[in-house]
Amino acid sequence: MTGALEVLDPGLLTLVEDLGRPGWAHVGVGRSGAADAGALRLANRLVANDEGAAGLEVLLGGLRLRAVGDVTVALAGARGPAWLDDRPVGHEAVLELRSGAELRLGTVTSGLRTYVAVRGGIDVPTVLGSRSTDQLAGLGPDPVRAGDVLAVGPAPADWPVVDLAPVSAPPDRVELPVVPGPHADWFEDVLGRLQASDWRVTPATSRVAVRLAGPALARTPEHRGRELPSEGLVLGAVQVPPDGQPVVFGVDHPVTGGYPVVAVVRRFAHGRLAQVRPGDRVSFVNGRASV
């Protein structure tokens, strides 16, 4: 073992995540992986890792780590205060931890999930080619616990080439660009109603799905009471259950579902979906016009 991270406090929930395990939906296993893949990629690039190296996904902050051996880390994603021993440190920056040093994340002030990348990656056993925790399927490593010592893999040949990466502040209202789903015609002008309404993220939100609250979406008369056989689901699918409140599926979504899918969030906005928190305002916009 070239180095390790000892977990002193995992916070509310800390998971090991990489970029997931694609290609297994035909046997009922979803991709999973980092909810905000762009944030994990950025943190990995800062420490010169391959973009898909496993890191830590921290929900709402609170994580405390101690370096076992000298390690290099970077933070990305949700913003909040952070300290290296007693010294405040920033996000999207390269941080050198000497052996015995402690890294502490405070409660996030914007966003939901912070990513900790370590040079060499978190070295836990792979399951179906990935080190990711899939909370729906129960695959991959268990959530991180106090006392865990997470091995760090061999350092890559390249060295970090920048000290920090400039990242803009998140907007007050999250915009989710959508395109029509396969059952958009089950509802009257559903894309128009999605885009015209104000939606709020409910507490019933997880890596599996983000549940929204707003004006109920009603089916057209010919589709009321109609049943739908289970069909394949994708990340970002916007499904409407009988209560008419949209559900947007996240990285640990089931591979099939039986309610109509009226829209799909475009791939480049999946990271935005991962960072919304209960109470946040969400707007749907025309995905065909988005860049």
# chains A, B, ... in the order shown; residues from 1 in each chain; ligands from 1
call {"tool": "select_by_dssp", "arguments": {"residues": "stretch 149-199 of chain A", "states": "strand (DSSP E or B)", "output": "NGL selection string"}}
result
:A and (149-152 or 164 or 174-180 or 187 or 199)
call {"tool": "select_by_dssp", "arguments": {"residues": "stretch 130-196 of chain A", "states": "helix (DSSP H, G or I)", "output": "VMD selection string"}}
result
chain A and resid 184 to 186 190 to 196
call {"tool": "write_last_selection", "arguments": {"atoms": "all heavy atoms", "output": "PDB file, in the first residue's frame"}}
result
ATOM      1  N   ALA A 184     -44.766  11.284 -24.207  1.00  0.00           N
ATOM      2  CA  ALA A 184     -45.167  12.691 -24.082  1.00  0.00           C
ATOM      3  C   ALA A 184     -46.598  12.905 -24.540  1.00  0.00           C
ATOM      4  O   ALA A 184     -47.304  13.785 -24.024  1.00  0.00           O
ATOM      5  CB  ALA A 184     -44.214  13.573 -24.880  1.00  0.00           C
ATOM      6  N   ASP A 185     -47.067  12.085 -25.504  1.00  0.00           N
ATOM      7  CA  ASP A 185     -48.432  12.269 -26.013  1.00  0.00           C
ATOM      8  C   ASP A 185     -49.509  11.757 -25.056  1.00  0.00           C
ATOM      9  O   ASP A 185     -50.705  11.911 -25.330  1.00  0.00           O
ATOM     10  CB  ASP A 185     -48.585  11.588 -27.372  1.00  0.00           C
ATOM     11  CG  ASP A 185     -48.335  10.085 -27.325  1.00  0.00           C
ATOM     12  OD1 ASP A 185     -47.787   9.589 -26.309  1.00  0.00           O
ATOM     13  OD2 ASP A 185     -48.682   9.396 -28.302  1.00  0.00           O
ATOM     14  N   TRP A 186     -49.119  11.181 -23.914  1.00  0.00           N
ATOM     15  CA  TRP A 186     -50.101  10.759 -22.914  1.00  0.00           C
ATOM     16  C   TRP A 186     -50.630  11.963 -22.126  1.00  0.00           C
ATOM     17  O   TRP A 186     -51.603  11.845 -21.391  1.00  0.00           O
ATOM     18  CB  TRP A 186     -49.465   9.774 -21.935  1.00  0.00           C
ATOM     19  CG  TRP A 186     -49.293   8.390 -22.478  1.00  0.00           C
ATOM     20  CD1 TRP A 186     -48.899   8.027 -23.732  1.00  0.00           C
ATOM     21  CD2 TRP A 186     -49.494   7.159 -21.773  1.00  0.00           C
ATOM     22  NE1 TRP A 186     -48.837   6.663 -23.855  1.00  0.00           N
ATOM     23  CE2 TRP A 186     -49.198   6.099 -22.654  1.00  0.00           C
ATOM     24  CE3 TRP A 186     -49.863   6.861 -20.464  1.00  0.00           C
ATOM     25  CZ2 TRP A 186     -49.297   4.762 -22.283  1.00  0.00           C
ATOM     26  CZ3 TRP A 186     -49.960   5.526 -20.084  1.00  0.00           C
ATOM     27  CH2 TRP A 186     -49.685   4.492 -20.992  1.00  0.00           C
ATOM     28  N   VAL A 190     -47.320  18.431 -22.475  1.00  0.00           N
ATOM     29  CA  VAL A 190     -46.585  18.182 -21.235  1.00  0.00           C
ATOM     30  C   VAL A 190     -45.266  18.956 -21.176  1.00  0.00           C
ATOM     31  O   VAL A 190     -44.889  19.463 -20.120  1.00  0.00           O
ATOM     32  CB  VAL A 190     -46.370  16.669 -21.028  1.00  0.00           C
ATOM     33  CG1 VAL A 190     -45.408  16.098 -22.056  1.00  0.00           C
ATOM     34  CG2 VAL A 190     -45.882  16.393 -19.619  1.00  0.00           C
ATOM     35  N   LEU A 191     -44.565  19.085 -22.306  1.00  0.00           N
ATOM     36  CA  LEU A 191     -43.310  19.839 -22.269  1.00  0.00           C
ATOM     37  C   LEU A 191     -43.566  21.316 -21.984  1.00  0.00           C
ATOM     38  O   LEU A 191     -42.815  21.958 -21.232  1.00  0.00           O
ATOM     39  CB  LEU A 191     -42.551  19.668 -23.584  1.00  0.00           C
ATOM     40  CG  LEU A 191     -41.951  18.283 -23.855  1.00  0.00           C
ATOM     41  CD1 LEU A 191     -41.127  18.313 -25.127  1.00  0.00           C
ATOM     42  CD2 LEU A 191     -41.109  17.801 -22.686  1.00  0.00           C
ATOM     43  N   GLY A 192     -44.634  21.835 -22.549  1.00  0.00           N
ATOM     44  CA  GLY A 192     -44.979  23.222 -22.261  1.00  0.00           C
ATOM     45  C   GLY A 192     -45.330  23.430 -20.803  1.00  0.00           C
ATOM     46  O   GLY A 192     -44.933  24.432 -20.193  1.00  0.00           O
ATOM     47  N   ARG A 193     -46.059  22.490 -20.221  1.00  0.00           N
ATOM     48  CA  ARG A 193     -46.430  22.608 -18.817  1.00  0.00           C
ATOM     49  C   ARG A 193     -45.217  22.432 -17.908  1.00  0.00           C
ATOM     50  O   ARG A 193     -45.088  23.113 -16.886  1.00  0.00           O
ATOM     51  CB  ARG A 193     -47.518  21.588 -18.475  1.00  0.00           C
ATOM     52  CG  ARG A 193     -48.843  21.848 -19.187  1.00  0.00           C
ATOM     53  CD  ARG A 193     -49.931  20.985 -18.644  1.00  0.00           C
ATOM     54  NE  ARG A 193     -50.187  21.275 -17.234  1.00  0.00           N
ATOM     55  CZ  ARG A 193     -50.925  20.507 -16.443  1.00  0.00           C
ATOM     56  NH1 ARG A 193     -51.474  19.398 -16.918  1.00  0.00           N
ATOM     57  NH2 ARG A 193     -51.115  20.840 -15.180  1.00  0.00           N
ATOM     58  N   LEU A 194     -44.318  21.509 -18.260  1.00  0.00           N
ATOM     59  CA  LEU A 194     -43.093  21.357 -17.476  1.00  0.00           C
ATOM     60  C   LEU A 194     -42.291  22.650 -17.476  1.00  0.00           C
ATOM     61  O   LEU A 194     -41.785  23.088 -16.440  1.00  0.00           O
ATOM     62  CB  LEU A 194     -42.241  20.221 -18.045  1.00  0.00           C
ATOM     63  CG  LEU A 194     -42.634  18.782 -17.715  1.00  0.00           C
ATOM     64  CD1 LEU A 194     -41.794  17.810 -18.527  1.00  0.00           C
ATOM     65  CD2 LEU A 194     -42.496  18.490 -16.228  1.00  0.00           C
ATOM     66  N   GLN A 195     -42.184  23.281 -18.646  1.00  0.00           N
ATOM     67  CA  GLN A 195     -41.355  24.476 -18.770  1.00  0.00           C
ATOM     68  C   GLN A 195     -42.024  25.712 -18.164  1.00  0.00           C
ATOM     69  O   GLN A 195     -41.334  26.636 -17.725  1.00  0.00           O
ATOM     70  CB  GLN A 195     -41.028  24.718 -20.237  1.00  0.00           C
ATOM     71  CG  GLN A 195     -40.138  23.634 -20.842  1.00  0.00           C
ATOM     72  CD  GLN A 195     -39.959  23.776 -22.338  1.00  0.00           C
ATOM     73  OE1 GLN A 195     -39.852  24.873 -22.869  1.00  0.00           O
ATOM     74  NE2 GLN A 195     -39.946  22.644 -23.042  1.00  0.00           N
ATOM     75  N   ALA A 196     -43.348  25.743 -18.125  1.00  0.00           N
ATOM     76  CA  ALA A 196     -44.057  26.917 -17.624  1.00  0.00           C
ATOM     77  C   ALA A 196     -44.222  26.910 -16.109  1.00  0.00           C
ATOM     78  O   ALA A 196     -44.540  27.942 -15.520  1.00  0.00           O
ATOM     79  CB  ALA A 196     -45.424  27.019 -18.286  1.00  0.00           C
TER      80      ALA A 196
END
call {"tool": "residues_around", "arguments": {"residues": "stretch 39-46 of chain A", "least_positions_apart": "6", "cutoff": "6 Å", "atoms": "only C-alpha atoms", "output": "list in words"}}
result
Ala74, Leu75, Ala76, Gly77, Tyr115, Ala117 and Pro160 of chain A
call {"tool": "write_last_selection", "arguments": {"atoms": "N, CA and C atoms", "output": "PDB file, in the first residue's frame"}}
result
ATOM      1  N   ALA A  74      -7.843  16.493  -4.172  1.00  0.00           N
ATOM      2  CA  ALA A  74      -8.536  17.670  -4.685  1.00  0.00           C
ATOM      3  C   ALA A  74     -10.024  17.504  -4.407  1.00  0.00           C
ATOM      4  N   LEU A  75     -10.705  18.634  -4.201  1.00  0.00           N
ATOM      5  CA  LEU A  75     -12.139  18.658  -3.944  1.00  0.00           C
ATOM      6  C   LEU A  75     -12.842  19.316  -5.125  1.00  0.00           C
ATOM      7  N   ALA A  76     -14.035  18.816  -5.453  1.00  0.00           N
ATOM      8  CA  ALA A  76     -14.846  19.434  -6.503  1.00  0.00           C
ATOM      9  C   ALA A  76     -16.304  19.129  -6.211  1.00  0.00           C
ATOM     10  N   GLY A  77     -17.185  19.802  -6.940  1.00  0.00           N
ATOM     11  CA  GLY A  77     -18.615  19.593  -6.730  1.00  0.00           C
ATOM     12  C   GLY A  77     -19.199  20.607  -5.778  1.00  0.00           C
ATOM     13  N   TYR A 115     -16.896  15.921  -4.093  1.00  0.00           N
ATOM     14  CA  TYR A 115     -16.049  14.791  -4.500  1.00  0.00           C
ATOM     15  C   TYR A 115     -14.618  15.009  -4.033  1.00  0.00           C
ATOM     16  N   ALA A 117     -10.999  13.488  -4.723  1.00  0.00           N
ATOM     17  CA  ALA A 117     -10.119  12.632  -5.513  1.00  0.00           C
ATOM     18  C   ALA A 117      -8.767  12.579  -4.847  1.00  0.00           C
ATOM     19  N   PRO A 160       0.427  16.588 -11.440  1.00  0.00           N
ATOM     20  CA  PRO A 160      -0.516  17.698 -11.648  1.00  0.00           C
ATOM     21  C   PRO A 160       0.160  18.854 -12.371  1.00  0.00           C
TER      22      PRO A 160
END
call {"tool": "closest_residue", "arguments": {"among": "A:Asp142, A:Val248, A:Val255, A:Asp70", "to": "A:Gly23", "atoms": "only C-alpha atoms"}}
result
A:Val255
call {"tool": "atom_distance", "arguments": {"atom1": "atom CA of A:Pro254", "atom2": "atom CA of A:Leu233"}}
result
7.0 Å
call {"tool": "closest_residue", "arguments": {"among": "A:Ala67, A:Pro278, A:Thr72, A:Ala209", "to": "A:Gly121", "atoms": "only C-alpha atoms"}}
result
A:Thr72
call {"tool": "residues_around", "arguments": {"residues": "A:Val247", "least_positions_apart": "4", "cutoff": "9 Å", "atoms": "only C-alpha atoms", "output": "PDB file with N, CA, C and O atoms, in the first residue's frame"}}
result
ATOM      1  N   ALA A 209     -33.533   8.789  -7.508  1.00  0.00           N
ATOM      2  CA  ALA A 209     -34.428   9.705  -8.209  1.00  0.00           C
ATOM      3  C   ALA A 209     -34.567  11.006  -7.442  1.00  0.00           C
ATOM      4  O   ALA A 209     -34.435  11.038  -6.219  1.00  0.00           O
ATOM      5  N   VAL A 210     -34.867  12.071  -8.186  1.00  0.00           N
ATOM      6  CA  VAL A 210     -35.197  13.378  -7.623  1.00  0.00           C
ATOM      7  C   VAL A 210     -36.699  13.571  -7.808  1.00  0.00           C
ATOM      8  O   VAL A 210     -37.197  13.598  -8.938  1.00  0.00           O
ATOM      9  N   ARG A 211     -37.405  13.698  -6.699  1.00  0.00           N
ATOM     10  CA  ARG A 211     -38.861  13.889  -6.764  1.00  0.00           C
ATOM     11  C   ARG A 211     -39.175  15.373  -6.643  1.00  0.00           C
ATOM     12  O   ARG A 211     -38.649  16.062  -5.779  1.00  0.00           O
ATOM     13  N   LEU A 212     -40.057  15.836  -7.520  1.00  0.00           N
ATOM     14  CA  LEU A 212     -40.402  17.245  -7.602  1.00  0.00           C
ATOM     15  C   LEU A 212     -41.845  17.475  -7.190  1.00  0.00           C
ATOM     16  O   LEU A 212     -42.686  16.572  -7.294  1.00  0.00           O
ATOM     17  N   ALA A 237     -34.416  10.236 -17.133  1.00  0.00           N
ATOM     18  CA  ALA A 237     -35.808  10.043 -17.545  1.00  0.00           C
ATOM     19  C   ALA A 237     -36.749  10.757 -16.573  1.00  0.00           C
ATOM     20  O   ALA A 237     -36.578  10.668 -15.356  1.00  0.00           O
ATOM     21  N   VAL A 238     -37.734  11.482 -17.110  1.00  0.00           N
ATOM     22  CA  VAL A 238     -38.734  12.176 -16.312  1.00  0.00           C
ATOM     23  C   VAL A 238     -40.022  11.361 -16.382  1.00  0.00           C
ATOM     24  O   VAL A 238     -40.697  11.326 -17.406  1.00  0.00           O
ATOM     25  N   GLN A 239     -40.332  10.708 -15.289  1.00  0.00           N
ATOM     26  CA  GLN A 239     -41.490   9.805 -15.219  1.00  0.00           C
ATOM     27  C   GLN A 239     -42.604  10.488 -14.417  1.00  0.00           C
ATOM     28  O   GLN A 239     -42.329  11.227 -13.461  1.00  0.00           O
ATOM     29  N   VAL A 240     -43.852  10.232 -14.796  1.00  0.00           N
ATOM     30  CA  VAL A 240     -44.989  10.826 -14.102  1.00  0.00           C
ATOM     31  C   VAL A 240     -45.859   9.709 -13.528  1.00  0.00           C
ATOM     32  O   VAL A 240     -46.595   9.056 -14.261  1.00  0.00           O
ATOM     33  N   PRO A 241     -45.810   9.484 -12.209  1.00  0.00           N
ATOM     34  CA  PRO A 241     -46.670   8.492 -11.567  1.00  0.00           C
ATOM     35  C   PRO A 241     -48.107   9.014 -11.449  1.00  0.00           C
ATOM     36  O   PRO A 241     -48.392  10.150 -11.857  1.00  0.00           O
TER      37      PRO A 241
END
call {"tool": "residues_around", "arguments": {"residues": "stretch 162-168 of chain A", "least_positions_apart": "3", "cutoff": "8 Å", "atoms": "only C-alpha atoms", "output": "ChimeraX atom specification"}}
result
/A:46,92-94
call {"tool": "closest_residue", "arguments": {"among": "A:Ala157, A:Phe187, A:Thr205, A:Ala263", "to": "A:Pro221", "atoms": "only C-alpha atoms"}}
result
A:Phe187
call {"tool": "residues_around", "arguments": {"residues": "A:Pro154", "least_positions_apart": "5", "cutoff": "10 Å", "atoms": "only C-alpha atoms", "output": "compact mmCIF listing (two decimals) with C-alpha atoms, in the first residue's frame"}}
result
# COMPACT_ATOMS: atom_id res chain seq x y z
CA MET A 1 0.00 0.00 0.00
CA THR A 2 1.54 3.28 -1.16
CA GLY A 3 -0.74 5.43 0.99
CA ARG A 119 -3.76 10.81 -6.53
CA GLY A 120 -3.73 7.09 -7.38
CA GLY A 121 -7.45 6.62 -6.74
CA ILE A 122 -9.30 4.76 -3.99
CA ASP A 123 -8.20 1.14 -4.32
call {"tool": "residues_around", "arguments": {"residues": "A:Pro10", "least_positions_apart": "6", "cutoff": "10 Å", "atoms": "only C-alpha atoms", "output": "PyMOL selection string"}}
result
chain A and resi 58-59+61-65+143-148
call {"tool": "atom_distance", "arguments": {"atom1": "atom CA of A:Ala218", "atom2": "atom CA of A:Asp189"}}
result
10.2 Å
